[in-house]
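Trainee: My questions all concern the structure below.
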Amino acid sequence: MRAHRPRTWFLAAALLAACSAPPAAEASVRPGINEDFTDPGLDVDAMVRRFEGESREVFVHRSRIARATGLSPGMAVADVGAGTGLFVDFFARDVGPQGRVYAVEIAPKFVERIRQRAAARGQAQVVAVLGTDRDIGLPADSVDVVFACDTYHHFEFPRSTLASIHRALRPGGALVLVDFEREEGVSRPWILDHVRCGKAAVVAEVEAAGFTRVEEVDLGLQENYVLRFRKV
């Protein structure tokens with residue numbers, strides 16, 4: 001006569017299977033948003049004119065934004081979505097020769113531009129890093145601050161990217177986000193079309209990833225907000 005297995009055995013087996021199953025793949029929140037930047041034909045000079053022009057608010061206020069990041073000599077900062085290198089010189093100045101600036105980009109041509117620029121300016125503390133659309137590509141506990149300016153809305157896989165940021169930050173490290181205010185009836189049509197969510201949704205996503213909101217820094221910006229979070 002075949003012995004009956006207790007119900008607890010089946011429950012334990014089911015739990016084991018659930019725990020060993022791979023996590024569900026994260027779906028893209030904005031498919032194709034970064035295609036222009038990963039295109040081998042990317043026109044870097046055109047991007048410099050686009051990102052480093054007086055019509056762009058964060059360019060006009062770049063010095064104040066950099067100071068508000070709170071860097072000091074010897075610190076390590078990751079500039080995620082460094083683009084053409086708009087903030088790299090400021091960060092290199094603030095962390096000094098003994099610090100480190102990781103300029104993280106998913107655009108190979110931007111990485112090469114930053115690498116050549118840093119070499120020409122003698123900025124040995126600047127390291128250009130090619131990340132991916134899911135991972136900033138830095139070791140665990142390697143930076144004190146992660147900075148992302150007008151970049152969060154380009155996180156195609158925010159949960160995965162935030163997990164890599166959380167991992168790279170040292171205990172108590174800071175995440176500083178600068179991004180567009182998105183308010184129906186207030187923001188420009190381009191922002192409403194291009195930016196997927198407003199500030200409240202961004203805060204909720206970042207806090208769910210293991211951060212706590214510390215403050216909103218008032219720099220008097222018209223179209224952008226500045227938020228500081230701390231790694232929990």
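Scheme for the structure tokens: letters A, B, ... for chains in order shown; per-chain residue numbers from 1; ligand numbers from 1 in order shown.
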List the neighbours of Arg93 in chain A out to 10 Å using only C-alpha atoms; skip same-chain residues closer than 4 positions along the sequence, and give me the result as a PyMOL selection string.

Mentor: chain A and resi 71-73+88-89+97+99+101+123+125

Trainee: Return as number ranges by chain the full set of residues in range 23-229 of chain A whose backbone-based DSSP assignment is strand (DSSP E or B).

Mentor: A: 76-80, 100-105, 126-130, 143-149, 169-180, 211-216, 224-229

Trainee: List as CSV every residue of range 25-122 of chain A that is in contact with range 168-174 of chain A, defined as an atom at most 12 Å from one of its atoms (using only C-alpha atoms), together with the nearest atom pair and the distance in Å rounded to one decimal, sorted by chain and then rising number.

Mentor:
residue,atom,partner,partner_atom,distance
A:Thr69,CA,A:Ala174,CA,9.0
A:Gly70,CA,A:Ala174,CA,9.3
A:Leu71,CA,A:Ala174,CA,10.3
A:Met75,CA,A:Gly173,CA,10.7
A:Ala76,CA,A:Leu169,CA,9.6
A:Val77,CA,A:Leu169,CA,9.2
A:Ala78,CA,A:Ala168,CA,9.0
A:Val80,CA,A:Ala168,CA,11.6
A:Tyr102,CA,A:Ala168,CA,11.3

Trainee: Go ahead and save the picked residues with N, CA and C atoms, as a short mmCIF file (atom, residue, chain, number, x, y, z; two decimals), in the first residue's frame.

Mentor:
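Wrote it out as result_33.cif, contents follow:
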data_model
loop_
_atom_site.label_atom_id
_atom_site.label_comp_id
_atom_site.auth_asym_id
_atom_site.auth_seq_id
_atom_site.Cartn_x
_atom_site.Cartn_y
_atom_site.Cartn_z
N THR A 69 25.01 69.60 -5.17
CA THR A 69 25.20 68.16 -5.07
C THR A 69 25.92 67.79 -3.77
N GLY A 70 26.69 68.72 -3.23
CA GLY A 70 27.29 68.52 -1.91
C GLY A 70 28.58 67.73 -1.90
N LEU A 71 29.36 67.83 -2.97
CA LEU A 71 30.62 67.09 -3.03
C LEU A 71 31.72 67.82 -2.28
N MET A 75 35.82 62.62 -2.23
CA MET A 75 34.61 61.83 -2.42
C MET A 75 34.61 61.17 -3.80
N ALA A 76 33.75 60.17 -3.94
CA ALA A 76 33.54 59.51 -5.22
C ALA A 76 32.10 59.74 -5.63
N VAL A 77 31.91 60.22 -6.87
CA VAL A 77 30.57 60.52 -7.38
C VAL A 77 30.38 59.83 -8.72
N ALA A 78 29.16 59.35 -8.94
CA ALA A 78 28.79 58.80 -10.24
C ALA A 78 27.81 59.76 -10.90
N VAL A 80 25.42 59.80 -13.52
CA VAL A 80 24.70 58.82 -14.34
C VAL A 80 23.92 59.57 -15.42
N TYR A 102 32.96 59.13 -11.72
CA TYR A 102 32.57 58.12 -12.70
C TYR A 102 31.49 58.73 -13.60
#

Trainee: Please give the complete set of residues from range 29-224 of chain A that DSSP, run on the backbone, assigns to helix (DSSP H, G or I), formatted as number ranges by chain.

Mentor: A: 35-38, 44-51, 57-60, 62-68, 88-95, 108-120, 152-154, 158-168, 189-194, 199-208

Trainee: Name all residues at most 9 Å from range 210-218 of chain A (count only C-alpha atoms; drop same-chain ones fewer than 2 positions away) and give them as a list of chain:residue names.

Mentor: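 My list of contacting residues is A:Ala68, A:Leu162, A:Ala163, A:His166, A:Ala174, A:Leu175, A:Val203, A:Val206, A:Glu207, A:Ala208, A:Gly220, A:Leu221, A:Tyr225, A:Val226, A:Leu227, A:Arg228, A:Phe229, A:Arg230, A:Lys231, A:Val232.
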
Trainee: Please produce a file of the residues just selected, as a short mmCIF file (atom, residue, chain, number, x, y, z; two decimals), in the first residue's frame, where the atoms kept are N, CA and C atoms.

Mentor:
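part_31.cif written:
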data_model
loop_
_atom_site.label_atom_id
_atom_site.label_comp_id
_atom_site.auth_asym_id
_atom_site.auth_seq_id
_atom_site.Cartn_x
_atom_site.Cartn_y
_atom_site.Cartn_z
N ALA A 68 25.17 72.30 -5.30
CA ALA A 68 24.10 71.75 -4.47
C ALA A 68 24.22 70.23 -4.32
N LEU A 162 17.72 51.47 -10.63
CA LEU A 162 17.78 51.94 -9.25
C LEU A 162 18.44 50.90 -8.34
N ALA A 163 18.22 49.63 -8.62
CA ALA A 163 18.87 48.58 -7.82
C ALA A 163 20.38 48.65 -7.99
N HIS A 166 21.58 51.67 -6.00
CA HIS A 166 21.56 51.35 -4.57
C HIS A 166 22.77 50.50 -4.20
N ALA A 174 24.22 59.28 -0.95
CA ALA A 174 23.16 60.15 -1.45
C ALA A 174 22.88 59.92 -2.93
N LEU A 175 21.61 60.02 -3.28
CA LEU A 175 21.17 60.04 -4.68
C LEU A 175 20.55 61.40 -4.92
N VAL A 203 9.36 60.01 -6.78
CA VAL A 203 9.66 59.81 -5.36
C VAL A 203 9.20 58.42 -4.91
N VAL A 206 11.59 55.72 -6.31
CA VAL A 206 12.91 55.73 -5.68
C VAL A 206 12.82 55.20 -4.24
N GLU A 207 11.79 55.60 -3.51
CA GLU A 207 11.65 55.11 -2.15
C GLU A 207 11.40 53.61 -2.13
N ALA A 208 10.68 53.09 -3.11
CA ALA A 208 10.43 51.65 -3.18
C ALA A 208 11.72 50.87 -3.47
N GLY A 220 15.45 77.72 -7.32
CA GLY A 220 14.72 78.70 -8.11
C GLY A 220 14.57 78.31 -9.57
N LEU A 221 14.67 77.02 -9.87
CA LEU A 221 14.52 76.56 -11.26
C LEU A 221 13.05 76.61 -11.67
N TYR A 225 13.18 70.17 -10.92
CA TYR A 225 13.28 70.06 -9.47
C TYR A 225 14.59 69.35 -9.12
N VAL A 226 15.02 69.51 -7.88
CA VAL A 226 16.23 68.86 -7.38
C VAL A 226 15.85 68.12 -6.10
N LEU A 227 15.99 66.81 -6.12
CA LEU A 227 15.65 65.98 -4.98
C LEU A 227 16.87 65.24 -4.46
N ARG A 228 16.99 65.18 -3.13
CA ARG A 228 18.08 64.43 -2.52
C ARG A 228 17.47 63.26 -1.73
N PHE A 229 18.02 62.07 -1.97
CA PHE A 229 17.62 60.86 -1.27
C PHE A 229 18.83 60.27 -0.54
N ARG A 230 18.57 59.45 0.42
CA ARG A 230 19.64 58.74 1.13
C ARG A 230 19.39 57.24 1.03
N LYS A 231 20.46 56.50 0.81
CA LYS A 231 20.37 55.05 0.76
C LYS A 231 20.04 54.52 2.15
N VAL A 232 19.01 53.70 2.23
CA VAL A 232 18.61 53.11 3.50
C VAL A 232 19.33 51.78 3.66
#

Trainee: Please build the interface table for range 30-79 of chain A against range 152-161 of chain A with a cut-off of 12 Å, listing for each qualifying residue the nearest atom pair and the distance in Å to one decimal; count only C-alpha atoms, order rows by chain and increasing number, and write it as CSV.

Mentor:
residue,atom,partner,partner_atom,distance
A:Arg30,CA,A:Glu156,CA,5.5
A:Pro31,CA,A:Glu156,CA,6.8
A:Gly32,CA,A:Glu156,CA,8.2
A:Ile33,CA,A:His154,CA,6.5
A:Asn34,CA,A:His154,CA,6.8
A:Glu35,CA,A:His154,CA,10.6
A:Asp36,CA,A:His154,CA,11.6
A:Phe37,CA,A:His154,CA,10.7
A:Asp79,CA,A:Tyr152,CA,11.9

Trainee: Pull N, CA and C atoms from the residues just selected and write them as a PDB file, in the first residue's frame.

Mentor:
ATOM      1  N   ARG A  30       9.348  52.679 -21.265  1.00  0.00           N
ATOM      2  CA  ARG A  30       9.329  53.601 -22.404  1.00  0.00           C
ATOM      3  C   ARG A  30      10.199  53.037 -23.523  1.00  0.00           C
ATOM      4  N   PRO A  31       9.693  52.011 -24.236  1.00  0.00           N
ATOM      5  CA  PRO A  31      10.513  51.376 -25.269  1.00  0.00           C
ATOM      6  C   PRO A  31      11.045  52.373 -26.295  1.00  0.00           C
ATOM      7  N   GLY A  32      12.329  52.247 -26.570  1.00  0.00           N
ATOM      8  CA  GLY A  32      12.946  53.055 -27.624  1.00  0.00           C
ATOM      9  C   GLY A  32      13.383  54.442 -27.225  1.00  0.00           C
ATOM     10  N   ILE A  33      13.211  54.835 -25.954  1.00  0.00           N
ATOM     11  CA  ILE A  33      13.516  56.218 -25.587  1.00  0.00           C
ATOM     12  C   ILE A  33      14.993  56.551 -25.738  1.00  0.00           C
ATOM     13  N   ASN A  34      15.865  55.544 -25.696  1.00  0.00           N
ATOM     14  CA  ASN A  34      17.307  55.813 -25.771  1.00  0.00           C
ATOM     15  C   ASN A  34      17.941  55.396 -27.097  1.00  0.00           C
ATOM     16  N   GLU A  35      17.118  55.086 -28.071  1.00  0.00           N
ATOM     17  CA  GLU A  35      17.663  54.599 -29.348  1.00  0.00           C
ATOM     18  C   GLU A  35      18.589  55.607 -30.004  1.00  0.00           C
ATOM     19  N   ASP A  36      18.268  56.879 -29.931  1.00  0.00           N
ATOM     20  CA  ASP A  36      19.110  57.900 -30.568  1.00  0.00           C
ATOM     21  C   ASP A  36      20.512  57.910 -29.980  1.00  0.00           C
ATOM     22  N   PHE A  37      20.622  57.650 -28.684  1.00  0.00           N
ATOM     23  CA  PHE A  37      21.922  57.751 -28.021  1.00  0.00           C
ATOM     24  C   PHE A  37      22.801  56.525 -28.262  1.00  0.00           C
ATOM     25  N   ASP A  79      28.192  60.276 -12.048  1.00  0.00           N
ATOM     26  CA  ASP A  79      27.324  61.143 -12.852  1.00  0.00           C
ATOM     27  C   ASP A  79      26.634  60.237 -13.866  1.00  0.00           C
TER      28      ASP A  79
END

Trainee: To one decimal place, how far is CA of Ala128 in chain A from CA of Arg62 in chain A in Å?

Mentor: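 Result for CA of Ala128 in chain A versus CA of Arg62 in chain A: 19.8 Å, one decimal.
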
Trainee: Can you list, as number ranges by chain, every protein, DNA or RNA residue that comes within 9 Å of Arg113 in chain A when you count only C-alpha atoms, leaving out same-chain residues fewer than 5 positions away?

Mentor: A: 44, 84-85, 108, 118, 128

Trainee: Write to file, as a PDB file, in the first residue's frame, the residues of the selection just made, with C-alpha atoms.

Mentor:
ATOM      1  CA  VAL A  44      28.036  64.203 -30.919  1.00  0.00           C
ATOM      2  CA  THR A  84      28.393  65.323 -23.219  1.00  0.00           C
ATOM      3  CA  GLY A  85      30.085  65.873 -19.853  1.00  0.00           C
ATOM      4  CA  PRO A 108      29.494  54.773 -26.530  1.00  0.00           C
ATOM      5  CA  ALA A 118      39.388  64.248 -19.372  1.00  0.00           C
ATOM      6  CA  ALA A 128      34.265  57.217 -18.234  1.00  0.00           C
TER       7      ALA A 128
END

Trainee: Can you tell me which residues surround Pro40 in chain A at a distance of at most 12 Å, considering only C-alpha atoms, apart from same-chain residues fewer than 6 positions away, and format the answer as a list in words?

Mentor: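 Surrounding residues, per the criterion: Ile106, Ala107, Pro108, Lys109 and Phe110 of chain A.
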
Trainee: Save the residues we just selected, N, CA and C atoms, as a tab-separated table (two decimals), in the first residue's frame?

Mentor:
chain	number	residue	atom	x	y	z
A	106	ILE	N	25.26	55.33	-21.48
A	106	ILE	CA	24.95	54.17	-22.31
A	106	ILE	C	25.30	54.44	-23.77
A	107	ALA	N	25.70	55.67	-24.06
A	107	ALA	CA	26.08	56.06	-25.43
A	107	ALA	C	27.59	55.92	-25.59
A	108	PRO	N	28.05	54.96	-26.37
A	108	PRO	CA	29.49	54.77	-26.53
A	108	PRO	C	30.23	56.03	-26.99
A	109	LYS	N	29.59	56.82	-27.85
A	109	LYS	CA	30.27	58.02	-28.35
A	109	LYS	C	30.41	59.08	-27.25
A	110	PHE	N	29.47	59.15	-26.34
A	110	PHE	CA	29.60	60.07	-25.21
A	110	PHE	C	30.73	59.61	-24.28

Trainee: Quick one: distance from CA of Val145 in chain A to CA of Arg100 in chain A in Å, one decimal?

Mentor: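 CA of Arg100 in chain A lies 10.6 Å from CA of Val145 in chain A.
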